[in-house]
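The data block below is final-v9.pdb; it holds PDB, C-alpha atoms.
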```pdb
ATOM      1  CA  MET A   1     156.993 155.935  68.963
ATOM      2  CA  MET A   2     153.867 157.763  67.831
ATOM      3  CA  LYS A   3     153.151 154.947  65.336
ATOM      4  CA  LYS A   4     153.333 152.337  68.139
ATOM      5  CA  LYS A   5     150.945 154.380  70.276
ATOM      6  CA  LEU A   6     148.433 154.658  67.412
ATOM      7  CA  VAL A   7     148.618 150.945  66.666
ATOM      8  CA  GLY A   8     148.160 150.183  70.373
ATOM      9  CA  MET A   9     145.236 152.593  70.606
ATOM     10  CA  PHE A  10     143.452 151.132  67.547
ATOM     11  CA  GLY A  11     144.153 147.601  68.703
ATOM     12  CA  GLY A  12     142.670 148.371  72.115
ATOM     13  CA  LEU A  13     139.652 150.015  70.474
ATOM     14  CA  ALA A  14     139.069 146.961  68.279
ATOM     15  CA  LEU A  15     139.253 144.635  71.286
ATOM     16  CA  ALA A  16     136.846 146.851  73.227
ATOM     17  CA  CYS A  17     134.360 146.834  70.334
ATOM     18  CA  PHE A  18     134.660 143.046  70.042
ATOM     19  CA  ALA A  19     134.030 142.657  73.792
ATOM     20  CA  VAL A  20     130.986 144.954  73.626
ATOM     21  CA  GLY A  21     129.642 142.923  70.695
ATOM     22  CA  LEU A  22     129.984 139.704  72.660
ATOM     23  CA  ALA A  23     128.356 141.211  75.730
ATOM     24  CA  ALA A  24     125.412 142.497  73.678
ATOM     25  CA  ARG A  25     124.760 139.064  72.140
ATOM     26  CA  PRO A  26     122.516 136.749  74.170
ATOM     27  CA  ALA A  27     124.372 133.933  75.955
ATOM     28  CA  SER A  28     122.627 131.414  73.714
ATOM     29  CA  ALA A  29     121.296 133.216  70.667
ATOM     30  CA  GLU A  30     120.213 130.019  68.940
ATOM     31  CA  SER A  31     118.338 128.648  71.961
ATOM     32  CA  THR A  32     115.896 131.583  71.896
ATOM     33  CA  GLU A  33     114.872 130.909  68.287
ATOM     34  CA  THR A  34     111.750 129.053  67.275
ATOM     35  CA  ARG A  35     112.332 125.796  65.433
ATOM     36  CA  ASN A  36     110.169 123.923  62.947
ATOM     37  CA  PHE A  37     109.505 120.198  63.169
ATOM     38  CA  GLY A  38     108.094 117.864  60.556
ATOM     39  CA  LEU A  39     105.571 115.512  62.191
ATOM     40  CA  HIS A  40     104.832 112.037  60.785
ATOM     41  CA  PHE A  41     102.582 109.530  62.551
ATOM     42  CA  GLY A  42     100.579 106.394  61.971
ATOM     43  CA  GLY A  43      98.776 103.556  63.709
ATOM     44  CA  TYR A  44      95.217 102.731  64.666
ATOM     45  CA  TYR A  45      92.550 103.581  67.244
ATOM     46  CA  LEU A  46      89.885 101.271  68.652
ATOM     47  CA  VAL A  47      86.942 103.657  68.842
ATOM     48  CA  THR A  48      83.429 103.408  70.234
ATOM     49  CA  GLN A  49      81.142 106.011  68.662
ATOM     50  CA  ASN A  50      77.424 106.217  69.420
ATOM     51  CA  GLY A  51      77.549 102.676  70.793
ATOM     52  CA  THR A  52      79.321 101.191  67.745
ATOM     53  CA  SER A  53      82.875  99.845  68.093
ATOM     54  CA  MET A  54      85.280 100.081  65.164
ATOM     55  CA  GLN A  55      88.953 100.214  64.254
ATOM     56  CA  GLU A  56      90.240 103.394  62.619
ATOM     57  CA  ASN A  57      93.615 103.261  60.871
ATOM     58  CA  VAL A  58      95.408 106.607  61.137
ATOM     59  CA  LYS A  59      98.221 108.043  59.026
ATOM     60  CA  GLY A  60      99.250 111.694  58.841
ATOM     61  CA  LEU A  61     101.762 114.492  58.831
ATOM     62  CA  GLY A  62     102.072 118.064  60.028
ATOM     63  CA  ILE A  63     104.280 121.077  60.641
ATOM     64  CA  LEU A  64     104.945 122.144  64.237
ATOM     65  CA  THR A  65     106.809 125.143  65.625
ATOM     66  CA  SER A  66     108.568 124.907  68.986
ATOM     67  CA  ASP A  67     109.881 127.703  71.156
ATOM     68  CA  SER A  68     113.016 127.193  73.254
ATOM     69  CA  SER A  69     110.906 125.785  76.119
ATOM     70  CA  GLY A  70     109.353 123.071  73.964
ATOM     71  CA  ASN A  71     105.887 124.610  73.577
ATOM     72  CA  LEU A  72     104.408 123.378  70.297
ATOM     73  CA  THR A  73     101.886 124.876  67.866
ATOM     74  CA  GLY A  74     101.036 123.949  64.303
ATOM     75  CA  ASN A  75      98.733 122.051  61.956
ATOM     76  CA  GLU A  76      98.302 118.479  60.821
ATOM     77  CA  THR A  77      96.467 116.492  58.154
ATOM     78  CA  PHE A  78      95.680 112.798  58.452
ATOM     79  CA  THR A  79      93.383 110.099  57.167
ATOM     80  CA  MET A  80      91.215 107.829  59.294
ATOM     81  CA  VAL A  81      90.242 104.650  57.486
ATOM     82  CA  ASN A  82      87.879 101.981  58.768
ATOM     83  CA  PRO A  83      89.274  98.729  57.292
ATOM     84  CA  ALA A  84      86.020  96.799  57.820
ATOM     85  CA  LEU A  85      84.568  95.201  54.706
ATOM     86  CA  PRO A  86      82.472  95.867  52.772
ATOM     87  CA  SER A  87      83.695  99.441  52.512
ATOM     88  CA  SER A  88      81.341 102.389  52.216
ATOM     89  CA  SER A  89      81.535 106.118  51.556
ATOM     90  CA  SER A  90      82.047 106.643  55.310
ATOM     91  CA  SER A  91      85.106 104.324  55.414
ATOM     92  CA  GLU A  92      87.585 107.204  55.106
ATOM     93  CA  SER A  93      87.787 110.654  56.697
ATOM     94  CA  VAL A  94      90.370 113.288  55.793
ATOM     95  CA  CYS A  95      91.069 115.314  58.919
ATOM     96  CA  THR A  96      92.772 118.702  59.127
ATOM     97  CA  GLY A  97      93.205 120.993  62.090
ATOM     98  CA  ALA A  98      95.334 122.768  64.652
ATOM     99  CA  VAL A  99      97.779 121.144  67.050
ATOM    100  CA  SER A 100      99.199 122.395  70.329
ATOM    101  CA  GLY A 101     101.359 120.673  72.883
ATOM    102  CA  SER A 102     104.740 120.456  74.552
ATOM    103  CA  ILE A 103     108.033 118.567  74.763
ATOM    104  CA  ASN A 104     109.192 117.735  78.294
ATOM    105  CA  PRO A 105     112.404 115.914  79.255
ATOM    106  CA  ASP A 106     112.124 112.993  81.658
ATOM    107  CA  SER A 107     115.022 111.051  83.131
ATOM    108  CA  GLY A 108     117.445 108.794  81.296
ATOM    109  CA  GLY A 109     117.121 110.425  77.871
ATOM    110  CA  ILE A 110     113.346 109.896  77.645
ATOM    111  CA  PHE A 111     110.966 112.714  76.668
ATOM    112  CA  THR A 112     107.204 113.126  76.997
ATOM    113  CA  VAL A 113     105.472 114.866  74.109
ATOM    114  CA  THR A 114     101.801 115.858  74.321
ATOM    115  CA  LEU A 115      99.808 116.769  71.217
ATOM    116  CA  ALA A 116      96.238 118.087  71.290
ATOM    117  CA  TYR A 117      94.415 118.067  67.939
ATOM    118  CA  THR A 118      91.386 120.286  67.226
ATOM    119  CA  PRO A 119      89.586 119.611  63.911
ATOM    120  CA  ASP A 120      88.971 122.425  61.435
ATOM    121  CA  SER A 121      85.331 123.239  60.774
ATOM    122  CA  SER A 122      85.840 121.834  57.266
ATOM    123  CA  ALA A 123      87.262 118.505  58.518
ATOM    124  CA  GLY A 124      85.441 115.279  57.702
ATOM    125  CA  ALA A 125      82.450 114.131  59.735
ATOM    126  CA  GLY A 126      84.494 111.283  61.235
ATOM    127  CA  CYS A 127      87.150 113.636  62.658
ATOM    128  CA  PHE A 128      87.151 114.353  66.388
ATOM    129  CA  PRO A 129      89.489 116.097  68.840
ATOM    130  CA  THR A 130      92.239 113.979  70.368
ATOM    131  CA  THR A 131      94.937 114.362  73.008
ATOM    132  CA  SER A 132      97.942 112.085  72.606
ATOM    133  CA  THR A 133     100.698 111.435  75.143
ATOM    134  CA  LEU A 134     103.889 110.154  73.522
ATOM    135  CA  THR A 135     107.003 108.627  75.061
ATOM    136  CA  CYS A 136     110.049 109.494  72.965
ATOM    137  CA  THR A 137     113.772 109.074  72.535
ATOM    138  CA  ARG A 138     115.853 111.682  70.737
ATOM    139  CA  ARG A 139     118.868 111.876  68.442
ATOM    140  CA  ILE A 140     120.911 115.101  68.323
ATOM    141  CA  SER A 141     123.993 116.168  66.365
ATOM    142  CA  LEU A 142     126.043 117.871  69.066
ATOM    143  CA  ARG A 143     126.520 117.317  72.786
ATOM    144  CA  SER A 144     125.984 121.066  73.276
ATOM    145  CA  GLU A 145     122.336 120.570  72.181
ATOM    146  CA  GLU A 146     121.528 118.273  75.118
ATOM    147  CA  SER A 147     119.974 121.065  77.190
ATOM    148  CA  GLU A 148     117.717 122.254  74.332
ATOM    149  CA  VAL A 149     114.427 120.494  73.577
ATOM    150  CA  ALA A 150     113.683 122.235  70.263
ATOM    151  CA  VAL A 151     116.349 120.338  68.297
ATOM    152  CA  GLY A 152     116.932 116.840  66.986
ATOM    153  CA  HIS A 153     114.875 113.869  65.823
ATOM    154  CA  TYR A 154     112.279 112.426  68.210
ATOM    155  CA  SER A 155     111.073 108.818  67.790
ATOM    156  CA  CYS A 156     107.872 108.189  69.762
ATOM    157  CA  ILE A 157     105.111 105.767  70.644
ATOM    158  CA  ALA A 158     101.709 106.753  72.010
ATOM    159  CA  THR A 159     101.106 105.658  75.592
ATOM    160  CA  ALA A 160      97.668 107.280  75.844
ATOM    161  CA  VAL A 161      95.150 108.742  73.374
ATOM    162  CA  SER A 162      91.829 110.248  74.471
ATOM    163  CA  THR A 163      89.036 112.382  73.050
ATOM    164  CA  SER A 164      86.661 114.988  74.435
ATOM    165  CA  ALA A 165      84.070 114.336  71.709
ATOM    166  CA  SER A 166      80.584 113.499  72.939
ATOM    167  CA  ASN A 167      79.374 109.893  72.501
ATOM    168  CA  THR A 168      82.908 108.896  71.458
ATOM    169  CA  SER A 169      85.706 107.099  73.281
ATOM    170  CA  ILE A 170      89.121 105.818  72.240
ATOM    171  CA  ASP A 171      89.331 102.458  73.981
ATOM    172  CA  ALA A 172      92.884 101.611  72.848
ATOM    173  CA  ALA A 173      95.520 102.959  70.481
ATOM    174  CA  SER A 174      98.682 101.764  68.788
ATOM    175  CA  GLU A 175     100.501 104.700  67.262
ATOM    176  CA  SER A 176     104.056 105.764  66.492
ATOM    177  CA  ALA A 177     105.304 109.233  65.582
ATOM    178  CA  ARG A 178     108.446 111.064  64.506
ATOM    179  CA  LEU A 179     109.249 114.741  65.035
ATOM    180  CA  SER A 180     112.193 115.853  62.917
ATOM    181  CA  ALA A 181     113.733 119.296  63.252
ATOM    182  CA  TYR A 182     114.281 121.053  59.927
ATOM    183  CA  VAL A 183     117.727 122.283  60.972
ATOM    184  CA  LEU A 184     119.696 119.911  63.181
ATOM    185  CA  ASN A 185     122.719 122.171  63.469
ATOM    186  CA  PRO A 186     122.205 125.799  62.311
ATOM    187  CA  GLY A 187     125.945 126.494  62.708
ATOM    188  CA  ILE A 188     126.845 123.887  60.096
ATOM    189  CA  VAL A 189     124.172 125.181  57.709
ATOM    190  CA  ASN A 190     125.439 128.763  58.027
ATOM    191  CA  LYS A 191     129.013 127.590  57.528
ATOM    192  CA  ASN A 192     128.043 125.756  54.333
ATOM    193  CA  LYS A 193     126.286 128.879  53.038
ATOM    194  CA  ASP A 194     129.569 130.788  53.276
ATOM    195  CA  ARG A 195     131.417 128.328  51.015
TER     196      ARG A 195
END
```
Translate this file's structure into structure tokens.
Amino acid sequence: MMKKKLVGMFGGLALACFAVGLAARPASAESTETRNFGLHFGGYYLVTQNGTSMQENVKGLGILTSDSSGNLTGNETFTMVNPALPSSSSSESVCTGAVSGSINPDSGGIFTVTLAYTPDSSAGAGCFPTTSTLTCTRRISLRSEESEVAVGHYSCIATAVSTSASNTSIDAASESARLSAYVLNPGIVNKNKDR
């Protein structure tokens, strides 16, 4: 009889501890984490600079961090190449700098991503600040991730690109981009680690 009471008492204590542990854990522990995205983009801008019109081919990559609300920060590196012939030493600029922005869900599985680029002081002379608005679709691994914006693979096209640089305008742009989360499903990764 005493043995049954002890077993019942320890069993109840274990259940109570388990319940306390669950209560202490945030409702969605993973959703509060920051997530890293790899950014890849390319296309071209039609630019007018100091009264001269030109085409600049753009190709680049970056690393972005997103919080659970879709606020983005990071850095990117890209090249801007003027394909006009004959080429000259000013035909290519290597641009580096900081990026900030956001991911916002629209209706019907469409997302709007904004990215604002600010050149580093060491960036090439042909580099200028840009703000890009992207329309994106997304692929996720689990239905449970639908309410989170900081997961999945985003495939995007630019619908608007502008600059705040003086004597410079971006008259048109054709650009595509991909944002790919490093970890699509942290639960699967952690499970594989335990094997």
**Prompt:** Excluding same-chain residues fewer than 4 positions from A:Met80, what lies within 8 Å of it counting all atoms listed in the file, as a PyMOL selection string?
**Reply:** chain A and resi 56-59+92-95+126-127
**Prompt:** In Å to one decimal, how far is atom CA of A:Ala173 from atom CA of A:Ala125?
**Reply:**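 Atom CA of A:Ala173 lies at a distance of 20.3 Å from atom CA of A:Ala125.
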**Asked** Between A:Leu134, A:Ile103, A:Ile63, A:Ala160, which is the closest to A:Glu148 once you count all atoms listed in the file?
**Response** A:Ile103
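As for atom CA of A:Ala98 and atom CA of A:Ala123, they are spaced 11.0 Å apart.
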**Request:** Go through A:Ser162, A:Thr112, A:Ser155, A:Asn71 one by one, measure the shortest atom-to-atom distance of each to A:Tyr45 using all atoms listed in the file, and give the residue with the smallest value.
**Result:**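 Of all the options, A:Ser162 lies closest to A:Tyr45.
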**Fill in**
Using all atoms listed in the file, the best pick from A:Pro105, A:Gln55, A:Ile110, A:Gly60 as closest to A:Ala177 would be A:Gly60
**Message:** Nearest residue to A:Gly43 out of A:Thr131, A:Ser174, A:Thr77, A:Ser169, using only C-alpha atoms?
**Reply:**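 Between A:Thr131, A:Ser174, A:Thr77, A:Ser169, the residue approaching A:Gly43 most closely is A:Ser174.
Atom CA of A:Ser100 lies 13.6 Å from atom CA of A:Asp120.
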**Residue with smallest distance to A:Ser53 - pool A:Leu179, A:Asn82, A:Leu39, A:Ile157, counting only C-alpha atoms** =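 That would be A:Asn82, the residue with the smallest distance to A:Ser53.
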**Message:** Using all atoms listed in the file, which protein or nucleic acid residues come within 9 Å of A:Ile170? Drop anything in the same chain fewer than 4 positions from it, and give the result as number ranges by chain.
**Reply:** A: 45-49, 130, 161-163
**Prompt:** With all atoms listed in the file as the atoms that count, which of A:Asn50, A:Ser144, A:Thr96, A:Asn104 lies nearest to A:Thr118?
**Reply:** A:Thr96
**Neighbour residues at most 9 Å from (99.3, 117.7, 80.4) (all atoms listed in the file) as a list in words** =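 Within 9 Å of (99.3, 117.7, 80.4), the protein and nucleic acid residues are Gly101, Ser102, Thr114 and Thr133 of chain A.
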Those same residues, written as an mmCIF file, in the frame of the given file with C-alpha atoms?
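See again-v4.cif below for the written result:
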```cif
data_model
loop_
_atom_site.group_PDB
_atom_site.id
_atom_site.type_symbol
_atom_site.label_atom_id
_atom_site.label_comp_id
_atom_site.auth_asym_id
_atom_site.auth_seq_id
_atom_site.Cartn_x
_atom_site.Cartn_y
_atom_site.Cartn_z
ATOM 1 C CA GLY A 101 101.359 120.673 72.883
ATOM 2 C CA SER A 102 104.740 120.456 74.552
ATOM 3 C CA THR A 114 101.801 115.858 74.321
ATOM 4 C CA THR A 133 100.698 111.435 75.143
#
```
**Item:** Test item: residues at most 8 Å from A:Ala150, all atoms listed in the file, excluding those fewer than 3 positions along its chain, as a PyMOL selection string
**Value:** chain A and resi 34-35+66-70+181
**Message:** Given the PyMOL selection byres ((chain A and resi 62) around 9) and the file above, list the residues it selects as a ChimeraX atom specification.
**Reply:** /A:37-41,60-61,63-64,74-78,99
**the PyMOL selection byres ((chain A and resi 141) around 10) applied to the shown file, residues as a VMD selection string** = chain A and resid 139 to 140 142 to 146 151 to 153 184 to 185
